[in-house]
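A.B. asks: Below are the structure tokens for one structure; questions will follow.
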Amino acid sequence: MKPGTPDASRAGGLPLLATGLLAIGLDIAVFRSLNVGADSLATAHIAGFFTAAAAGCLLLILINRGGRALAPARLLNIAVIALLVLFLRGGLLASLVQILAVPVTVAHLITAVFSLAAFYAGYLWFADPQSAESGSAEARWGRFCLAIVAYAVLLRLLYLGVPELLFEEAYYWNYAKHLDIGYLDHPLMVAWIIRAFVELMGNIEFAVRAGAFLCWLVTAYFSYRLTRDVLGRAAALRALTIVAVLPVYFFFGLFMSPDAPLAACWAAAIYFMHRIVARDEPRAWLWLGVAIGMGMISKYTVVLLGAAIVLYLLADRPSRKWLGRPEPYFAALIALALFSPVIIWNWQHEWVSLSFQSQDRLAGNFSFSLPRFIGNVIVLLTPTGVLSVIALVAWRGQLTTGFTAPVASPAATLARSQFLLTWLSLVPVAVFAAISVFRSSKLNWTGPCWLGLVPLMAFLVTPGPESGVPRLLAWCRRAWPPTIVICLIFYGAAMHWLGPGLPGASYPRNMHLVGWRNFGRDIEVLVQRLAREAGREIVVVGMDRNRIASGLAFYRTRAIEAAREKTGYDPAFQTAGEHLFGGVGLMYALWFPAGRQEGKTMLLVGEDTYSLSTENVLSRAKTAGNIGEIRVWKHGKPAGGYHYRLITGYRAAPAASAAAGAGQGR
């Protein structure tokens with residue numbers, strides 16, 4: 001009798017219940033014995049889980065399944081399932097404690113029950129000899145893909161508010177605090193999304209990142225719909241798996257940046273362009289205009305997709321008919337109307353943003369970064385993903401031989417769809433590659449570009465015959481399942497390390513904002529003490545481009561709100577950048593003009609003492625105090641440190657020499 005039938009369920013019900021209760025009891029006992037301090041939570045929950053999992057799994061095998069499940073391959077499956085469940089459990093535990101303020105003992109009980117259920121489900125589906133081998137290969141692949149997508153979504157959701165913000169996320173949160181219709185280095189979309197969620201949930205990490213998660217859902221939806229139109233429902237599920245697991249889209253859906261809404265708009269634009277080409281739908285042009293317009297207020301690089309679309313219309317003979325019809329021009333007007341707030345802001349600010357993102361970048365110093373560009377692509381797609389792209393381009397005709405595309409229009413052949421999607425992906429990638437020959441390359445540049453190839457990659461996440469198939473194609477098909485699992489294990493371990501921590505794993509010095517929940521509180525306590533002593537408000541200045549200021553503005557705000565204090569000021573409007581001392585401050589130069597800070601008392605915060613002792617600093621200060629240091633800690637482990645210095649009588653224009661500060665303390 002197969003497991004899962006009513007009789008089998010009744011027969012194994014009592015032993016299963018007893019095994020579950022025993023596992024939960026062991027989990028709780030070990031956790032409570034080891035959770036003896038504020039920094040022992042991770043060790044206690046990991047030890048409790050593995051003790052319970054080992055005992056429960058052994059009993060389950062001996063009572064219900066027999067020795068066949070002890071084969072090495074099965075044991076490897078069980079170990080992988082245990083690791084994946086552990087990382088989910090860590091996110092749930094940290095979210096309950098940090099975000100919802102659930103008592104630790106109650107939170108652990110919830111996670112113990114959750115992890116037991118998740119582990120048993122994973123065991124039953126992928127490690128149990130009878131259940132794991134039931135059904136056809138296609139059904140097993142479908143089950144695998146569904147489980148992967150569900151896991152990736154849940155992993156992101158549970159860790160959304162757990163790790164501290166990245167420097168860039170804190171900077172975009174400051175965008176939202178200084179809400180506007182344009183900004184120097186990016187358009188407005190990221191700020192307005194963050195502002196909406198912060199208004200709903202408060203100034204917490206979950207609220208800052210919630211928009212990224214929502215944008216990923218939009219990206220996944222259009223990728224699924226596109227693949228279903230091109231290749232059918234089964235391939236669409238494979239494509240959804242790719243969007244859920246590839247590093248580029250996993251992190252776009254976890255950390256908030258302009259790339260998150262850009263990817264969503266990019267995916268929508270490709271989908272509607274495909275409907276125009278494959279189904280000859282005039283109305284799709286209007287939605288394409290909306291997608292491009294929304295993309296333009298997300299990140300300027302969507303213009304490369306627009307250019308690729310125009311070039312495709314010129315290159316594809318059947319598509320040239322649209323150039324003589326009004327729909328493309330209405331789409332362009334819609335996109336321009338949506339982009340108009342950014343145009344207005346640039347007009348009001350002497351076109352600084354458009355200049356900064358175009359001619360200023362191209363006019364920078366020469367830098368041959370093509371090898372770095374290639375390395376970035378490998379990081380974004382994984383080696384398996386890169387080899388899959390090569391295989392798709394080299395053997396796309398052979399890959400789809402005998403396949404009938406599920407589209408309604410007779411003219412919408414699979415070959416034409418392939419050409420369109422490949423074109424829309426590789427044209428923008430080629431532009432970025434060309435730029436990297438003479439300018440520095442950034443990791444996230446090509447992220448949205450690969451969305452056009454996701455439906456074609458789905459062919460390679462599908463089992464198929466290997467005889468007569470090029471060796472690279474066959475290798476990619478074999479490599480995708482382990483690649484997917486390895487990616488999920490890496491993501492889970494990384495999130496657990498950044499969240500509740502990993503026993504024995506330290507933190508690099510001053511890595512993003514790791515440990516800043518306590519550091520922001522320490523700085524705020526210092527600011528309030530110095531303000532009382534000086535009898536006036538103090539402006540905090542982060543002595544770098546924009547990172548320290550952004551992190552301090554956010555985590556000082558968090559500290560004030562956590563303490564439920566009424567300070568009479570908002571740290572986001574009292575925290576400036578190093579542009580006040582001759583550096584580059586990006587938007588801080590517009591938010592805090594140097595001329596308006598004359599005579600103010602400032603607390604300078606930098607990574608080293610040198611940044612607080614330069615001529616630019618001393619020549620702009622009436623007096624400068626001693627330099628102090630505050631260490632950064634996370635889970636009892638050192639995570640870096642920063643120096644601080646109080647100055648009075650700030651001058652926007654430097655004095656003739658630093659001699660005016662004679663007698664200043666060092």
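Labels used: A, B, ... for chains in the order of the structure tokens, numbers from 1 for residues in each chain, and numbers from 1 for ligands as shown.
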Quick one: everything within 9 Å of region 42-52 of chain A, counting only C-alpha atoms, minus sequence neighbours fewer than 6 positions away in the same chain. Send it as a VMD selection string.

C.D. replies: chain A and resid 20 22 to 36 82 86 89 to 90 93 108 112 115 to 116 496 500 to 503 635

A.B. asks: As JSON, numbers by chain, please: the residues near region 309-315 of chain A (cut-off 10 Å, only C-alpha atoms, same-chain neighbours under 2 positions excluded).

C.D. replies: {"A": [269, 270, 273, 277, 303, 304, 305, 306, 307, 317, 318, 319, 320, 321, 322, 323, 328, 419, 420, 423, 424, 427]}

A.B. asks: Give me, as a ChimeraX atom specification, the residues of region 337-534 of chain A that a backbone DSSP run labels alpha helix (DSSP H).

C.D. replies: /A:337-348,352-357,359-362,370-399,414-436,454-457,471-498,516-534

A.B. asks: Set out as a tab-separated table a contact list for region 529-588 of chain A and region 184-188 of chain A with a cut-off of 12 Å, giving each residue of region 529-588 of chain A that qualifies its closest atom pair and distance in Å to one decimal, counting only C-alpha atoms, ordered by chain and rising residue number.

C.D. replies:
residue	atom	partner	partner_atom	distance
A:Asn546	CA	A:Asp185	CA	11.8
A:Gly585	CA	A:Leu184	CA	10.5
A:Leu586	CA	A:Leu184	CA	6.8
A:Met587	CA	A:Leu184	CA	6.0
A:Tyr588	CA	A:Leu184	CA	9.8

A.B. asks: How close does each residue of region 131-179 of chain A get to region 213-216 of chain A, giving the shortest atom pair and distance in Å to one decimal for every residue with an atom at most 10 Å away, counting only C-alpha atoms, sorted by chain and residue number, as a Markdown table?

C.D. replies:
| residue | atom | partner | partner_atom | distance |
| --- | --- | --- | --- | --- |
| A:Val153 | CA | A:Phe213 | CA | 8.8 |
| A:Arg156 | CA | A:Phe213 | CA | 7.7 |
| A:Leu157 | CA | A:Phe213 | CA | 7.6 |
| A:Leu160 | CA | A:Phe213 | CA | 8.1 |

A.B. asks: Which neighbours of Phe366 (chain A) fall inside 8 Å, counting only C-alpha atoms, when residues of the same chain fewer than 2 positions from it are skipped, and could you give them as a PyMOL selection string?

C.D. replies: chain A and resi 364+368+438-440

A.B. asks: Take the residues from that selection and write them out as an mmCIF file, in the first residue's frame, keeping N, CA, C and O atoms.

C.D. replies:
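Result file is result09.cif:
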data_model
loop_
_atom_site.group_PDB
_atom_site.id
_atom_site.type_symbol
_atom_site.label_atom_id
_atom_site.label_comp_id
_atom_site.auth_asym_id
_atom_site.auth_seq_id
_atom_site.Cartn_x
_atom_site.Cartn_y
_atom_site.Cartn_z
ATOM 1 N N GLY A 364 34.319 59.591 -17.281
ATOM 2 C CA GLY A 364 35.191 59.200 -16.185
ATOM 3 C C GLY A 364 36.530 58.672 -16.676
ATOM 4 O O GLY A 364 36.825 58.631 -17.873
ATOM 5 N N PHE A 368 39.576 49.381 -18.047
ATOM 6 C CA PHE A 368 39.224 48.162 -18.786
ATOM 7 C C PHE A 368 38.681 47.143 -17.792
ATOM 8 O O PHE A 368 39.424 46.523 -17.036
ATOM 9 N N PHE A 438 35.952 50.305 -21.601
ATOM 10 C CA PHE A 438 36.679 51.536 -21.275
ATOM 11 C C PHE A 438 36.195 52.218 -19.989
ATOM 12 O O PHE A 438 36.742 53.239 -19.581
ATOM 13 N N ARG A 439 35.181 51.632 -19.311
ATOM 14 C CA ARG A 439 34.729 52.189 -18.037
ATOM 15 C C ARG A 439 34.500 51.053 -17.044
ATOM 16 O O ARG A 439 34.328 49.888 -17.430
ATOM 17 N N SER A 440 34.455 51.374 -15.771
ATOM 18 C CA SER A 440 34.255 50.351 -14.745
ATOM 19 C C SER A 440 32.867 49.735 -14.867
ATOM 20 O O SER A 440 31.915 50.400 -15.279
#

A.B. asks: Would you return as an MDAnalysis selection string the members of region 420-663 of chain A that DSSP assigns to strand (DSSP E or B) on this structure's backbone?

C.D. replies: chainID A and resid 538:542 575:577 601:606 623:634 637:648

A.B. asks: As an MDAnalysis selection string, please: the residues near Ser340 (chain A) (cut-off 12 Å, only C-alpha atoms, same-chain neighbours under 2 positions excluded).

C.D. replies: chainID A and resid 181:182 187:188 293:294 296:297 333:338 342:347

A.B. asks: With C-alpha atoms retained, export the selected residues as a PDB file, in the first residue's frame.

C.D. replies:
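Dumped to part-v1.pdb:
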ATOM      1  CA  ILE A 181       9.753  63.768  -7.919  1.00  0.00           C
ATOM      2  CA  GLY A 182      13.410  63.270  -8.758  1.00  0.00           C
ATOM      3  CA  PRO A 187      14.508  58.456 -10.590  1.00  0.00           C
ATOM      4  CA  LEU A 188      11.696  58.555  -8.065  1.00  0.00           C
ATOM      5  CA  GLY A 293       7.302  54.626 -18.623  1.00  0.00           C
ATOM      6  CA  MET A 294       7.201  53.013 -15.193  1.00  0.00           C
ATOM      7  CA  MET A 296      11.971  55.022 -16.781  1.00  0.00           C
ATOM      8  CA  ILE A 297      10.942  56.380 -13.393  1.00  0.00           C
ATOM      9  CA  LEU A 333       3.597  59.410 -25.453  1.00  0.00           C
ATOM     10  CA  ILE A 334       2.389  57.342 -22.488  1.00  0.00           C
ATOM     11  CA  ALA A 335       5.968  56.538 -21.513  1.00  0.00           C
ATOM     12  CA  LEU A 336       6.962  60.184 -21.829  1.00  0.00           C
ATOM     13  CA  ALA A 337       3.995  61.314 -19.734  1.00  0.00           C
ATOM     14  CA  LEU A 338       4.929  58.900 -16.949  1.00  0.00           C
ATOM     15  CA  VAL A 342      11.701  63.306 -13.660  1.00  0.00           C
ATOM     16  CA  ILE A 343      12.029  65.710 -16.583  1.00  0.00           C
ATOM     17  CA  ILE A 344      10.481  68.496 -14.512  1.00  0.00           C
ATOM     18  CA  TRP A 345      12.819  67.806 -11.589  1.00  0.00           C
ATOM     19  CA  ASN A 346      15.850  67.813 -13.871  1.00  0.00           C
ATOM     20  CA  TRP A 347      14.718  71.062 -15.487  1.00  0.00           C
TER      21      TRP A 347
END

A.B. asks: Would you kindly return, as a list of chain:residue names, each protein, DNA or RNA residue with an atom no farther than 9 Å from any atom of Leu456 (chain A), considering only C-alpha atoms and excluding same-chain residues fewer than 6 positions away?

C.D. replies: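 Close residues of Leu456 (chain A): A:Thr227, A:Val230, A:Leu231, A:Ala235, A:Ala239, A:Val389, A:Leu392, A:Arg396, A:Gln418, A:Leu421, A:Thr422.
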
A.B. asks: I'd like to know which of A:Arg596, A:Arg416, A:His643, A:Arg225 is closest to Tyr271 (chain A), using only C-alpha atoms.

C.D. replies: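 When distances to Tyr271 (chain A) are compared using only C-alpha atoms, the smallest one comes from A:Arg225.
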
A.B. asks: In Å, with one decimal, what is the gap from CA of Thr648 (chain A) to CA of Phe519 (chain A)?

C.D. replies: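 CA of Phe519 (chain A) lies 23.5 Å from CA of Thr648 (chain A).
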
A.B. asks: Which of these residues is nearest to Pro470 (chain A), using only C-alpha atoms: A:Val302, A:Met256, A:Trp395, A:Ala244?

C.D. replies: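 Of A:Val302, A:Met256, A:Trp395, A:Ala244, the one nearest Pro470 (chain A), counting only C-alpha atoms, is A:Trp395.
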
A.B. asks: Hey, what's within 10 Å of region 521-532 of chain A if we count only C-alpha atoms and toss same-chain stuff fewer than 6 positions away? As a PyMOL selection string, please?

C.D. replies: chain A and resi 538-540+552-553+555-560+562-563+567+571+601-603+605+630-632+644+646

A.B. asks: Residues of region 160-246 of chain A within 12 Å of region 139-148 of chain A: nearest atom pair and distance (Å, one decimal) for each, counting only C-alpha atoms, sorted by chain and number, as JSON lines?

C.D. replies:
{"residue": "A:Arg233", "atom": "CA", "partner": "A:Gly142", "partner_atom": "CA", "distance": 10.7}
{"residue": "A:Ala234", "atom": "CA", "partner": "A:Gly142", "partner_atom": "CA", "distance": 7.7}
{"residue": "A:Ala235", "atom": "CA", "partner": "A:Gly142", "partner_atom": "CA", "distance": 9.7}
{"residue": "A:Ala236", "atom": "CA", "partner": "A:Cys145", "partner_atom": "CA", "distance": 10.4}
{"residue": "A:Leu237", "atom": "CA", "partner": "A:Cys145", "partner_atom": "CA", "distance": 6.8}
{"residue": "A:Arg238", "atom": "CA", "partner": "A:Cys145", "partner_atom": "CA", "distance": 6.4}
{"residue": "A:Ala239", "atom": "CA", "partner": "A:Cys145", "partner_atom": "CA", "distance": 9.4}
{"residue": "A:Leu240", "atom": "CA", "partner": "A:Cys145", "partner_atom": "CA", "distance": 8.3}
{"residue": "A:Thr241", "atom": "CA", "partner": "A:Cys145", "partner_atom": "CA", "distance": 5.9}
{"residue": "A:Ile242", "atom": "CA", "partner": "A:Cys145", "partner_atom": "CA", "distance": 9.2}
{"residue": "A:Val243", "atom": "CA", "partner": "A:Ile148", "partner_atom": "CA", "distance": 10.8}
{"residue": "A:Ala244", "atom": "CA", "partner": "A:Ile148", "partner_atom": "CA", "distance": 7.9}
{"residue": "A:Val245", "atom": "CA", "partner": "A:Ile148", "partner_atom": "CA", "distance": 8.0}
{"residue": "A:Leu246", "atom": "CA", "partner": "A:Ile148", "partner_atom": "CA", "distance": 11.6}

A.B. asks: To one decimal in Å, tell me the separation between CA of Arg620 (chain A) and CA of Gly582 (chain A).

C.D. replies: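 CA of Gly582 (chain A) lies at a distance of 9.9 Å from CA of Arg620 (chain A).
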
A.B. asks: Using only C-alpha atoms for the distances, tell me which of A:Gly324, A:Asp259, A:Gly202, A:Pro383 is nearest to Cys476 (chain A).

C.D. replies: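 The shortest atom-to-atom distance to Cys476 (chain A) comes from A:Pro383.
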
A.B. asks: Calculate how many Å separate CA of Val104 (chain A) from CA of Asn203 (chain A), rounding to one decimal.

C.D. replies: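 Atom-to-atom, CA of Val104 (chain A) to CA of Asn203 (chain A), that is 22.8 Å.
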
A.B. asks: Set the distance at 9 Å and use only C-alpha atoms: which residues neighbour Glu598 (chain A) once local chain neighbours fewer than 4 positions away are removed? I'd like the list as a list of chain:residue names.

C.D. replies: A:Ala594, A:Gly649, A:Tyr650, A:Arg651, A:Ala652
